$ cat target_22.cif   # mmCIF, C-alpha atoms
data_query
loop_
_atom_site.label_atom_id
_atom_site.label_comp_id
_atom_site.auth_asym_id
_atom_site.auth_seq_id
_atom_site.Cartn_x
_atom_site.Cartn_y
_atom_site.Cartn_z
CA MET A 1 8.65 8.07 8.05
CA GLY A 2 12.31 8.81 8.81
CA ALA A 3 13.97 5.41 8.41
CA ARG A 4 16.96 6.30 10.59
CA SER A 5 14.86 7.88 13.33
CA VAL A 6 12.87 4.76 14.17
CA ALA A 7 13.51 3.90 17.80
CA GLY A 8 15.27 0.62 18.35
CA ILE A 9 16.40 0.22 14.74
CA LEU A 10 17.98 -3.16 14.16
CA SER A 11 21.04 -3.06 11.99
CA ILE A 12 21.79 -5.56 9.28
CA LEU A 13 24.77 -6.65 11.38
CA ALA A 14 22.56 -7.72 14.27
CA ILE A 15 19.94 -9.30 12.06
CA MET A 16 22.30 -11.31 9.91
CA ALA A 17 24.37 -12.37 12.90
CA ALA A 18 21.23 -13.62 14.65
CA CYS A 19 20.36 -15.61 11.56
CA GLY A 20 23.78 -17.15 11.31
CA THR A 21 24.43 -15.44 8.01
CA ALA A 22 27.57 -13.53 7.04
CA VAL A 23 26.86 -9.83 6.86
CA VAL A 24 29.69 -8.83 4.57
CA SER A 25 29.55 -11.25 1.69
CA PRO A 26 32.87 -11.83 -0.05
CA ALA A 27 33.06 -11.06 -3.72
CA PRO A 28 32.84 -14.21 -5.84
CA SER A 29 36.18 -15.83 -6.48
CA PRO A 30 37.24 -16.50 -10.08
CA SER A 31 35.98 -20.06 -9.71
CA ASP A 32 32.54 -18.75 -8.66
CA THR A 33 31.96 -16.25 -11.43
CA GLY A 34 29.08 -18.20 -12.84
CA THR A 35 28.71 -20.74 -15.61
CA ALA A 36 27.05 -20.55 -18.97
CA LEU A 37 23.52 -21.92 -19.07
CA PRO A 38 23.27 -23.14 -22.66
CA THR A 39 20.46 -25.64 -22.28
CA THR A 40 17.36 -24.68 -24.22
CA VAL A 41 14.40 -26.04 -22.32
CA PRO A 42 12.25 -27.95 -24.82
CA GLY A 43 8.55 -27.29 -25.05
CA ALA A 44 5.74 -27.51 -27.56
CA SER A 45 6.65 -26.43 -31.08
CA GLY A 46 10.26 -25.82 -30.09
CA GLU A 47 9.40 -23.03 -27.64
CA PRO A 48 11.06 -23.01 -24.22
CA ALA A 49 8.80 -24.62 -21.61
CA PHE A 50 8.66 -21.61 -19.36
CA ALA A 51 6.34 -19.94 -16.86
CA PRO A 52 7.73 -16.37 -16.54
CA ALA A 53 7.35 -14.58 -13.20
CA SER A 54 9.21 -11.30 -13.79
CA VAL A 55 10.55 -9.26 -16.70
CA ALA A 56 13.02 -6.38 -17.13
CA PHE A 57 14.51 -4.57 -20.14
CA TRP A 58 17.82 -2.76 -20.65
CA ASP A 59 16.34 -0.92 -23.64
CA ASP A 60 13.40 -1.32 -25.99
CA THR A 61 14.94 -4.37 -27.72
CA HIS A 62 17.02 -6.23 -25.10
CA GLY A 63 15.20 -7.83 -22.20
CA ILE A 64 15.24 -10.68 -19.72
CA ALA A 65 12.55 -12.79 -18.06
CA VAL A 66 12.90 -15.24 -15.18
CA GLY A 67 10.65 -17.94 -13.80
CA ALA A 68 10.29 -21.71 -13.73
CA ARG A 69 9.60 -24.59 -16.04
CA LYS A 70 6.20 -25.18 -14.45
CA PRO A 71 3.97 -22.56 -12.85
CA GLY A 72 3.26 -22.87 -9.15
CA ASP A 73 5.73 -25.73 -8.59
CA PRO A 74 8.39 -24.82 -5.98
CA ALA A 75 10.37 -27.92 -6.99
CA SER A 76 10.47 -26.88 -10.62
CA GLU A 77 13.74 -25.85 -12.24
CA GLY A 78 14.50 -22.18 -12.71
CA VAL A 79 14.64 -20.71 -16.21
CA VAL A 80 16.15 -17.52 -17.64
CA ALA A 81 15.02 -16.25 -21.06
CA THR A 82 16.40 -13.34 -23.06
CA THR A 83 15.27 -11.38 -26.08
CA ASP A 84 17.04 -9.04 -28.52
CA ASP A 85 14.04 -8.08 -30.62
CA GLY A 86 11.76 -6.32 -28.18
CA GLY A 87 10.18 -9.48 -26.78
CA ARG A 88 8.99 -11.08 -29.99
CA THR A 89 11.27 -14.12 -29.65
CA TRP A 90 13.08 -15.54 -26.63
CA GLN A 91 15.93 -17.94 -25.92
CA GLY A 92 15.47 -19.94 -22.70
CA ARG A 93 18.14 -21.49 -20.50
CA ALA A 94 17.65 -23.84 -17.55
CA THR A 95 19.51 -22.68 -14.44
CA GLY A 96 19.80 -26.02 -12.67
CA GLY A 97 18.54 -24.28 -9.53
CA PRO A 98 15.22 -23.32 -7.92
CA PRO A 99 12.62 -21.08 -9.59
CA LEU A 100 13.49 -17.40 -10.03
CA THR A 101 10.91 -14.90 -8.80
CA ARG A 102 12.07 -11.35 -9.62
CA VAL A 103 14.61 -9.75 -11.94
CA THR A 104 16.01 -6.23 -12.25
CA VAL A 105 18.61 -4.72 -14.58
CA ALA A 106 20.98 -1.75 -14.77
CA GLY A 107 23.62 -0.42 -17.12
CA ALA A 108 23.96 -2.06 -20.52
CA SER A 109 24.10 -5.72 -19.52
CA ASP A 110 23.91 -6.32 -15.74
CA ALA A 111 21.02 -8.24 -14.16
CA TRP A 112 20.12 -9.45 -10.66
CA ALA A 113 17.51 -12.12 -9.91
CA THR A 114 15.93 -13.53 -6.77
CA ALA A 115 15.70 -17.30 -6.40
CA THR A 116 13.00 -18.99 -4.34
CA CYS A 117 13.93 -19.48 -0.69
CA ALA A 118 15.26 -22.99 -0.15
CA ALA A 119 14.79 -23.20 3.64
CA PRO A 120 13.70 -20.86 6.47
CA LEU A 121 16.36 -19.12 8.57
CA PRO A 122 16.47 -19.60 12.38
CA ASP A 123 14.36 -16.46 12.90
CA GLY A 124 11.54 -17.98 10.84
CA SER A 125 12.00 -15.71 7.83
CA CYS A 126 12.67 -17.12 4.40
CA PRO A 127 14.51 -14.56 2.24
CA GLY A 128 15.43 -15.33 -1.31
CA THR A 129 18.87 -15.93 -2.76
CA ILE A 130 20.27 -13.20 -5.02
CA VAL A 131 22.25 -14.07 -8.15
CA GLN A 132 23.94 -11.62 -10.53
CA SER A 133 24.75 -11.68 -14.23
CA PRO A 134 27.16 -9.27 -15.97
CA ASP A 135 26.34 -10.47 -19.51
CA ARG A 136 22.59 -10.23 -20.05
CA GLY A 137 21.76 -13.51 -18.36
CA VAL A 138 24.33 -15.85 -19.90
CA THR A 139 26.38 -16.45 -16.73
CA TRP A 140 25.39 -15.99 -13.11
CA ALA A 141 27.18 -15.73 -9.75
CA PRO A 142 25.58 -16.06 -6.30
CA LEU A 143 25.64 -13.14 -3.87
CA GLY A 144 25.95 -14.27 -0.27
CA THR A 145 23.52 -11.95 1.55
CA PRO A 146 19.91 -13.22 1.56
CA LEU A 147 17.53 -10.57 0.20
CA ASP A 148 14.04 -10.45 -1.25
CA LEU A 149 14.14 -7.29 -3.37
CA VAL A 150 16.94 -5.36 -5.05
CA SER A 151 17.10 -2.22 -7.19
CA PHE A 152 20.25 -0.91 -8.91
CA VAL A 153 20.94 2.45 -10.54
CA ASP A 154 24.17 1.27 -12.18
CA PRO A 155 26.21 -1.96 -12.14
CA ARG A 156 27.67 -1.20 -8.69
CA HIS A 157 25.25 1.00 -6.72
CA GLY A 158 22.00 -0.43 -5.45
CA TRP A 159 19.66 -1.09 -2.55
CA GLY A 160 18.13 -4.31 -1.29
CA ALA A 161 15.71 -5.48 1.37
CA ARG A 162 14.78 -8.38 3.55
CA GLN A 163 11.06 -8.00 3.93
CA GLY A 164 9.12 -8.89 7.07
CA GLY A 165 10.12 -11.51 9.57
CA PHE A 166 12.08 -9.18 11.88
CA SER A 167 10.43 -8.75 15.27
CA GLN A 168 11.12 -5.35 16.80
CA GLY A 169 10.72 -4.84 20.54
CA GLY A 170 10.47 -8.46 21.64
CA GLN A 171 7.05 -10.01 22.16
CA GLY A 172 4.36 -8.19 20.28
CA GLY A 173 6.98 -6.60 18.04
CA ARG A 174 6.09 -5.50 14.56
CA SER A 175 7.11 -6.79 11.17
CA VAL A 176 9.44 -4.46 9.30
CA ALA A 177 11.62 -4.54 6.21
CA GLN A 178 15.37 -4.06 6.61
CA LEU A 179 17.09 -2.06 3.88
CA GLY A 180 20.71 -2.37 2.77
CA GLU A 181 22.89 -0.39 0.36
CA THR A 182 25.70 -1.76 -1.82
CA LEU A 183 28.49 0.03 -3.69
CA ASP A 184 30.07 -3.06 -5.22
CA GLY A 185 27.30 -4.69 -7.23
CA GLY A 186 25.86 -6.64 -4.31
CA ALA A 187 29.00 -8.34 -2.99
CA THR A 188 28.68 -6.45 0.32
CA TRP A 189 25.85 -4.48 1.95
CA ARG A 190 25.59 -1.84 4.66
CA ASP A 191 22.66 -0.88 6.88
CA ALA A 192 20.23 1.59 5.29
CA GLY A 193 17.51 1.55 7.98
CA LEU A 194 13.96 0.20 8.10
CA ILE A 195 10.84 0.70 6.03
CA CYS A 196 7.15 -0.30 6.36
CA GLY A 197 5.78 -1.21 9.80
CA SER A 198 2.98 -2.78 11.77
CA ALA A 199 0.19 -1.85 9.35
CA PHE A 200 1.79 -3.61 6.40
CA ARG A 201 2.67 -7.18 5.66
CA ALA A 202 5.88 -6.53 3.78
CA LEU A 203 7.84 -4.40 1.38
CA VAL A 204 6.47 -5.41 -2.02
CA GLY A 205 8.21 -2.90 -4.29
CA LEU A 206 11.59 -1.15 -4.29
CA ARG A 207 12.73 1.11 -7.14
CA PHE A 208 15.61 3.60 -7.25
CA VAL A 209 16.09 5.76 -10.34
CA ASP A 210 19.33 7.51 -9.33
CA ASP A 211 21.73 7.75 -6.38
CA ARG A 212 19.25 9.76 -4.30
CA THR A 213 15.72 9.16 -5.56
CA GLY A 214 13.69 6.03 -4.97
CA TRP A 215 10.31 4.62 -3.98
CA ALA A 216 9.26 1.86 -1.60
CA GLU A 217 5.86 0.23 -1.77
CA CYS A 218 4.51 -1.41 1.38
CA GLY A 219 1.63 -3.88 1.23
CA GLY A 220 -0.62 -5.48 3.78
CA GLN A 221 -3.10 -8.21 4.42
CA VAL A 222 -6.39 -8.06 2.53
CA GLY A 223 -8.69 -5.53 4.13
CA VAL A 224 -12.10 -5.28 2.50
CA GLY A 225 -12.88 -7.55 -0.46
CA THR A 226 -10.12 -7.10 -3.02
CA MET A 227 -8.68 -4.09 -1.18
CA GLY A 228 -5.67 -4.02 1.12
CA PRO A 229 -3.61 -1.58 3.17
CA ASN A 230 -0.69 -0.07 1.28
CA ALA A 231 1.70 2.85 1.40
CA THR A 232 3.96 4.58 -1.13
CA TYR A 233 7.13 6.12 0.31
CA GLU A 234 9.65 8.32 -1.51
CA THR A 235 13.24 9.21 -0.67
CA VAL A 236 15.27 12.02 -2.22
CA ASP A 237 18.41 11.53 -0.10
CA GLY A 238 19.49 7.96 -0.84
CA ALA A 239 17.24 6.20 1.71
CA ARG A 240 18.33 8.32 4.68
CA THR A 241 14.76 9.57 5.13
CA TRP A 242 11.43 8.59 3.59
CA SER A 243 8.22 10.57 3.09
CA VAL A 244 4.81 9.01 2.69
CA ARG A 245 3.15 9.99 -0.60
CA SER A 246 -0.08 8.04 -0.20
CA SER A 247 -1.39 5.31 2.06
CA VAL A 248 -4.47 3.55 3.34
CA THR A 249 -4.95 1.42 6.43
CA PHE A 250 -8.10 -0.45 7.40
CA ALA A 251 -7.88 -0.18 11.17
CA ASP A 252 -10.65 1.51 13.09
CA PRO A 253 -10.82 4.22 11.92
CA VAL A 254 -9.71 3.90 8.31
CA VAL A 255 -6.83 6.32 7.60
CA VAL A 256 -6.20 7.60 4.07
CA VAL A 257 -3.33 9.82 2.87
CA GLY A 258 -3.45 11.18 -0.67
CA THR A 259 -5.15 8.95 -3.24
CA PRO A 260 -3.64 5.46 -2.80
CA PRO A 261 -4.29 2.42 -5.00
CA GLY A 262 -6.96 0.04 -3.80
CA GLY A 263 -4.52 -2.83 -3.23
CA PRO A 264 -3.56 -5.33 -2.13
CA VAL A 265 -0.35 -4.32 -3.94
CA ASP A 266 2.02 -7.06 -5.15
CA GLY A 267 4.71 -4.95 -6.85
CA ALA A 268 5.64 -1.50 -8.14
CA PHE A 269 7.76 0.22 -10.79
CA PHE A 270 8.75 3.91 -11.11
CA LEU A 271 10.45 6.12 -13.69
CA PRO A 272 12.61 9.22 -12.99
CA SER A 273 9.67 11.39 -14.08
CA GLY A 274 7.58 10.13 -11.15
CA HIS A 275 5.40 8.06 -13.44
CA GLY A 276 4.75 4.74 -11.72
CA TRP A 277 2.65 1.59 -11.76
CA VAL A 278 1.48 -0.96 -9.19
CA TRP A 279 0.10 -4.39 -9.91
CA GLN A 280 -2.52 -5.79 -7.55
CA GLY A 281 -3.34 -9.34 -8.65
CA ARG A 282 -7.08 -9.75 -9.06
CA SER A 283 -7.56 -6.02 -8.39
CA GLY A 284 -5.87 -5.00 -11.64
CA THR A 285 -3.27 -2.24 -11.97
CA ALA A 286 -3.02 1.47 -11.17
CA SER A 287 -0.68 4.26 -12.26
CA THR A 288 0.60 7.59 -10.94
CA VAL A 289 2.14 10.60 -12.65
CA ASP A 290 3.10 12.51 -9.49
CA GLY A 291 5.43 10.15 -7.66
CA GLY A 292 2.76 8.16 -5.88
CA ARG A 293 0.60 10.94 -4.42
CA THR A 294 -2.42 10.02 -6.54
CA TRP A 295 -3.15 6.68 -8.20
CA THR A 296 -5.64 5.93 -10.97
CA PRO A 297 -6.88 2.44 -11.93
CA GLY A 298 -6.15 1.50 -15.52
CA PRO A 299 -4.47 -0.97 -17.87
CA PRO A 300 -2.73 -3.30 -18.39
CA GLY A 301 -4.46 -5.15 -15.54
CA VAL A 302 -8.22 -5.57 -15.45
CA PRO A 303 -9.90 -6.47 -12.14
CA GLU A 304 -10.95 -10.13 -12.02
CA GLN A 305 -9.90 -10.58 -15.67
CA VAL A 306 -6.26 -9.74 -16.42
CA PHE A 307 -3.85 -10.39 -13.55
CA ILE A 308 -0.43 -8.73 -13.94
CA SER A 309 2.71 -10.12 -12.28
CA SER A 310 5.42 -7.71 -13.50
CA ILE A 311 5.80 -4.31 -15.19
CA TRP A 312 8.93 -2.61 -16.58
CA PHE A 313 9.27 0.63 -18.55
CA VAL A 314 12.37 1.78 -20.47
CA SER A 315 10.96 5.29 -21.05
CA ASP A 316 7.82 7.26 -20.33
CA ASP A 317 6.35 5.81 -23.53
CA VAL A 318 7.68 2.26 -23.95
CA GLY A 319 6.88 -0.44 -21.43
CA PHE A 320 6.31 -4.17 -20.95
CA ALA A 321 4.17 -6.29 -18.65
CA LEU A 322 3.61 -9.96 -17.86
CA ASP A 323 0.21 -11.39 -17.15
CA GLU A 324 -0.56 -14.68 -15.42
CA GLN A 325 -1.62 -16.28 -18.71
CA MET A 326 2.05 -16.12 -19.80
CA HIS A 327 1.53 -13.21 -22.20
CA LEU A 328 4.11 -10.47 -22.66
CA LEU A 329 2.28 -7.20 -23.22
CA GLY A 330 3.73 -3.99 -24.63
CA THR A 331 2.83 -0.31 -24.84
CA SER A 332 4.29 2.59 -26.82
CA ASP A 333 2.05 5.36 -25.47
CA GLY A 334 2.88 5.41 -21.77
CA GLY A 335 0.51 2.64 -20.79
CA ALA A 336 -2.72 3.97 -22.29
CA HIS A 337 -2.96 1.03 -24.70
CA TRP A 338 -1.39 -2.44 -24.55
CA SER A 339 -1.07 -5.30 -27.01
CA THR A 340 0.28 -8.86 -26.83
CA ILE A 341 3.88 -9.20 -28.04
CA HIS A 342 4.57 -12.83 -27.15
CA THR A 343 2.86 -15.85 -25.59
CA TRP A 344 4.87 -18.55 -23.84
CA LEU A 345 3.65 -22.10 -24.22
CA PRO A 346 3.02 -24.25 -21.16
CA ALA A 347 5.34 -27.12 -20.26
CA ASN A 348 4.47 -30.53 -21.68
#

$ encode --input "target_22.cif" --output "structure tokens"
Amino acid sequence: MGARSVAGILSILAIMAACGTAVVSPAPSPSDTGTALPTTVPGASGEPAFAPASVAFWDDTHGIAVGARKPGDPASEGVVATTDDGGRTWQGRATGGPPLTRVTVAGASDAWATATCAAPLPDGSCPGTIVQSPDRGVTWAPLGTPLDLVSFVDPRHGWGARQGGFSQGGQGGRSVAQLGETLDGGATWRDAGLICGSAFRALVGLRFVDDRTGWAECGGQVGVGTMGPNATYETVDGARTWSVRSSVTFADPVVVVGTPPGGPVDGAFFLPSGHGWVWQGRSGTASTVDGGRTWTPGPPGVPEQVFISSIWFVSDDVGFALDEQMHLLGTSDGGAHWSTIHTWLPAN
């Protein structure tokens, strides 16, 4: 799909204006540069009481995880935890804000996290709040534009998305995901077109590996059993155009392109080599070695047994994953074999 060639494309300007939200978010003032979060959240045996939702690593020793004090509680306090020994031990800090749902990193120390939506916007959508840390999760500053997903290739250049909720063409319009591009670390964003479409519920994964190359993963409502429509798109020109690599829809007739994962897909991660992973909740996980053209089921997820909520690789060999039992898993052979590195204890 050519993102810029979609008829009737809505720009971020129009969308944000309709929602009553500033399009160009001012850079944080010195008084808004974030505050240290020194509070260690107490839990059993001195461990932070922490239900992690997402994990990312700058390298094979330094990583960050975000989540909440209590799993599944939207009123629970957000928590950030960091490690400097490859995930074996973690230091947790309470944020004083809502739960954090996703985290991504770039450079040597920058991180961006999505906070749970506090209240729906006038258009009915409920995008998350983005916060940014320049110091491996010690201090955080809010970024004004509401987004659900972000991916950065360095501390300043990245892409973000508001997924779903935008009706195109009036009544009977379709749900799409609006992309934006930033050149200043997320302080301001410019229109980068649309992705996904009527066959898919939302954009569930966004991963750029350099200034030109990235992948978008679109997911849909459950189709048959534990399956769901999904599509993998790739760009090689900085989100100006997108090409479908694999997809499946469950309309009549069923349409299949390439060898897609079974779905329903909840998230995706890609490396510059084209090696990628999707996690699919109760349907396990799948991986690709050709940029999303063909997907093969495999670990760390196991259908109906091991549910994965986040995957991050620092190289083609070394990677990390979170499961819904609050285990951090690790691999050193490209995902062929995984072992438990750390287990977080539940809140008291």

$ residues_around --input "target_22.cif" --residues "A:Asp323" --least-positions-apart "4" --cutoff "12 Å" --atoms "only C-alpha atoms" --output "number ranges by chain"
A: 51-55, 279-282, 284-285, 299-302, 305-311, 327-330, 338-344

$ residues_around --input "target_22.cif" --residues "A:Trp58" --least-positions-apart "6" --cutoff "8 Å" --atoms "all atoms listed in the file" --output "ChimeraX atom specification"
/A:105-109,314

$ resolve_selection --input "target_22.cif" --expression "the PyMOL selection byres ((chain A and resi 91) around 6)" --output "list of chain:residue names"
A:Ala81, A:Thr82, A:Trp90, A:Gly92

$ closest_residue --input "target_22.cif" --among "A:Phe250, A:Phe313, A:Phe50, A:Phe57" --to "A:Leu100" --atoms "all atoms listed in the file"
A:Phe50

$ resolve_selection --input "target_22.cif" --expression "the PyMOL selection byres ((chain A and resi 157-164) around 7)" --output "list in words"
Pro127, Leu147, Asp148, Leu149, Val150, Ser151, Phe152, Val153, Asp154, Pro155, Arg156, Gly165, Phe166, Ser175, Val176, Ala177, Gln178, Leu179, Gly180, Glu181, Thr182, Leu183, Asp184, Gly185, Arg201, Ala202 and Leu203 of chain A

$ resolve_selection --input "target_22.cif" --expression "the PyMOL selection byres ((chain A and resi 133) around 12)" --output "PDB file with C-alpha atoms, in the frame of the given file"
ATOM      1  CA  PRO A  28      32.840 -14.210  -5.840  1.00  0.00           C
ATOM      2  CA  ASP A  32      32.540 -18.750  -8.660  1.00  0.00           C
ATOM      3  CA  THR A  33      31.960 -16.250 -11.430  1.00  0.00           C
ATOM      4  CA  GLY A  34      29.080 -18.200 -12.840  1.00  0.00           C
ATOM      5  CA  THR A  35      28.710 -20.740 -15.610  1.00  0.00           C
ATOM      6  CA  ALA A  36      27.050 -20.550 -18.970  1.00  0.00           C
ATOM      7  CA  LEU A  37      23.520 -21.920 -19.070  1.00  0.00           C
ATOM      8  CA  ILE A  64      15.240 -10.680 -19.720  1.00  0.00           C
ATOM      9  CA  VAL A  80      16.150 -17.520 -17.640  1.00  0.00           C
ATOM     10  CA  VAL A 103      14.610  -9.750 -11.940  1.00  0.00           C
ATOM     11  CA  THR A 104      16.010  -6.230 -12.250  1.00  0.00           C
ATOM     12  CA  VAL A 105      18.610  -4.720 -14.580  1.00  0.00           C
ATOM     13  CA  ALA A 106      20.980  -1.750 -14.770  1.00  0.00           C
ATOM     14  CA  GLY A 107      23.620  -0.420 -17.120  1.00  0.00           C
ATOM     15  CA  ALA A 108      23.960  -2.060 -20.520  1.00  0.00           C
ATOM     16  CA  SER A 109      24.100  -5.720 -19.520  1.00  0.00           C
ATOM     17  CA  ASP A 110      23.910  -6.320 -15.740  1.00  0.00           C
ATOM     18  CA  ALA A 111      21.020  -8.240 -14.160  1.00  0.00           C
ATOM     19  CA  TRP A 112      20.120  -9.450 -10.660  1.00  0.00           C
ATOM     20  CA  ALA A 113      17.510 -12.120  -9.910  1.00  0.00           C
ATOM     21  CA  THR A 114      15.930 -13.530  -6.770  1.00  0.00           C
ATOM     22  CA  ILE A 130      20.270 -13.200  -5.020  1.00  0.00           C
ATOM     23  CA  VAL A 131      22.250 -14.070  -8.150  1.00  0.00           C
ATOM     24  CA  GLN A 132      23.940 -11.620 -10.530  1.00  0.00           C
ATOM     25  CA  PRO A 134      27.160  -9.270 -15.970  1.00  0.00           C
ATOM     26  CA  ASP A 135      26.340 -10.470 -19.510  1.00  0.00           C
ATOM     27  CA  ARG A 136      22.590 -10.230 -20.050  1.00  0.00           C
ATOM     28  CA  GLY A 137      21.760 -13.510 -18.360  1.00  0.00           C
ATOM     29  CA  VAL A 138      24.330 -15.850 -19.900  1.00  0.00           C
ATOM     30  CA  THR A 139      26.380 -16.450 -16.730  1.00  0.00           C
ATOM     31  CA  TRP A 140      25.390 -15.990 -13.110  1.00  0.00           C
ATOM     32  CA  ALA A 141      27.180 -15.730  -9.750  1.00  0.00           C
ATOM     33  CA  PRO A 142      25.580 -16.060  -6.300  1.00  0.00           C
ATOM     34  CA  LEU A 143      25.640 -13.140  -3.870  1.00  0.00           C
ATOM     35  CA  PRO A 155      26.210  -1.960 -12.140  1.00  0.00           C
ATOM     36  CA  GLY A 185      27.300  -4.690  -7.230  1.00  0.00           C
ATOM     37  CA  GLY A 186      25.860  -6.640  -4.310  1.00  0.00           C
TER      38      GLY A 186
END

$ atom_distance --input "target_22.cif" --atom1 "atom CA of A:Gly205" --atom2 "atom CA of A:Pro264"
12.2 Å

$ atom_distance --input "target_22.cif" --atom1 "atom CA of A:Gly97" --atom2 "atom CA of A:Val79"
8.5 Å

$ atom_distance --input "target_22.cif" --atom1 "atom CA of A:Gly335" --atom2 "atom CA of A:Asp210"
22.6 Å

$ residues_near_point --input "target_22.cif" --point "(10.0, -23.9, -8.6)" --cutoff "12 Å" --atoms "only C-alpha atoms" --output "PyMOL selection string"
chain A and resi 50-53+66-79+94-101+115-118

$ closest_residue --input "target_22.cif" --among "A:Ala231, A:Val318, A:Val255, A:Ala239" --to "A:Asp211" --atoms "all atoms listed in the file"
A:Ala239

$ residues_around --input "target_22.cif" --residues "A:Arg293" --least-positions-apart "3" --cutoff "12 Å" --atoms "all atoms listed in the file" --output "ChimeraX atom specification"
/A:215,231-234,243-248,256-261,274-276,287-290,296

$ write_last_selection --input "target_22.cif" --atoms "C-alpha atoms" --output "compact mmCIF listing (two decimals), in the coordinates of the input"
# COMPACT_ATOMS: atom_id res chain seq x y z
CA TRP A 215 10.31 4.62 -3.98
CA ALA A 231 1.70 2.85 1.40
CA THR A 232 3.96 4.58 -1.13
CA TYR A 233 7.13 6.12 0.31
CA GLU A 234 9.65 8.32 -1.51
CA SER A 243 8.22 10.57 3.09
CA VAL A 244 4.81 9.01 2.69
CA ARG A 245 3.15 9.99 -0.60
CA SER A 246 -0.08 8.04 -0.20
CA SER A 247 -1.39 5.31 2.06
CA VAL A 248 -4.47 3.55 3.34
CA VAL A 256 -6.20 7.60 4.07
CA VAL A 257 -3.33 9.82 2.87
CA GLY A 258 -3.45 11.18 -0.67
CA THR A 259 -5.15 8.95 -3.24
CA PRO A 260 -3.64 5.46 -2.80
CA PRO A 261 -4.29 2.42 -5.00
CA GLY A 274 7.58 10.13 -11.15
CA HIS A 275 5.40 8.06 -13.44
CA GLY A 276 4.75 4.74 -11.72
CA SER A 287 -0.68 4.26 -12.26
CA THR A 288 0.60 7.59 -10.94
CA VAL A 289 2.14 10.60 -12.65
CA ASP A 290 3.10 12.51 -9.49
CA THR A 296 -5.64 5.93 -10.97

$ closest_residue --input "target_22.cif" --among "A:Thr145, A:Thr241, A:Gly262, A:Pro297" --to "A:Arg190" --atoms "all atoms listed in the file"
A:Thr145

$ axis_aligned_box --input "target_22.cif" --around "stretch 134-146 of chain A" --padding-each-side "6 Å" --output "lines of an AutoDock Vina configuration file"
center_x = 23.5
center_y = -12.9
center_z = -9.2
size_x = 19.3
size_y = 19.2
size_z = 33.6

$ closest_residue --input "target_22.cif" --among "A:Gly193, A:Gly238, A:Trp312, A:Leu345" --to "A:Gln325" --atoms "only C-alpha atoms"
A:Leu345

$ closest_residue --input "target_22.cif" --among "A:Gly63, A:Gly219, A:Pro146, A:Gly214" --to "A:Ser273" --atoms "only C-alpha atoms"
A:Gly214
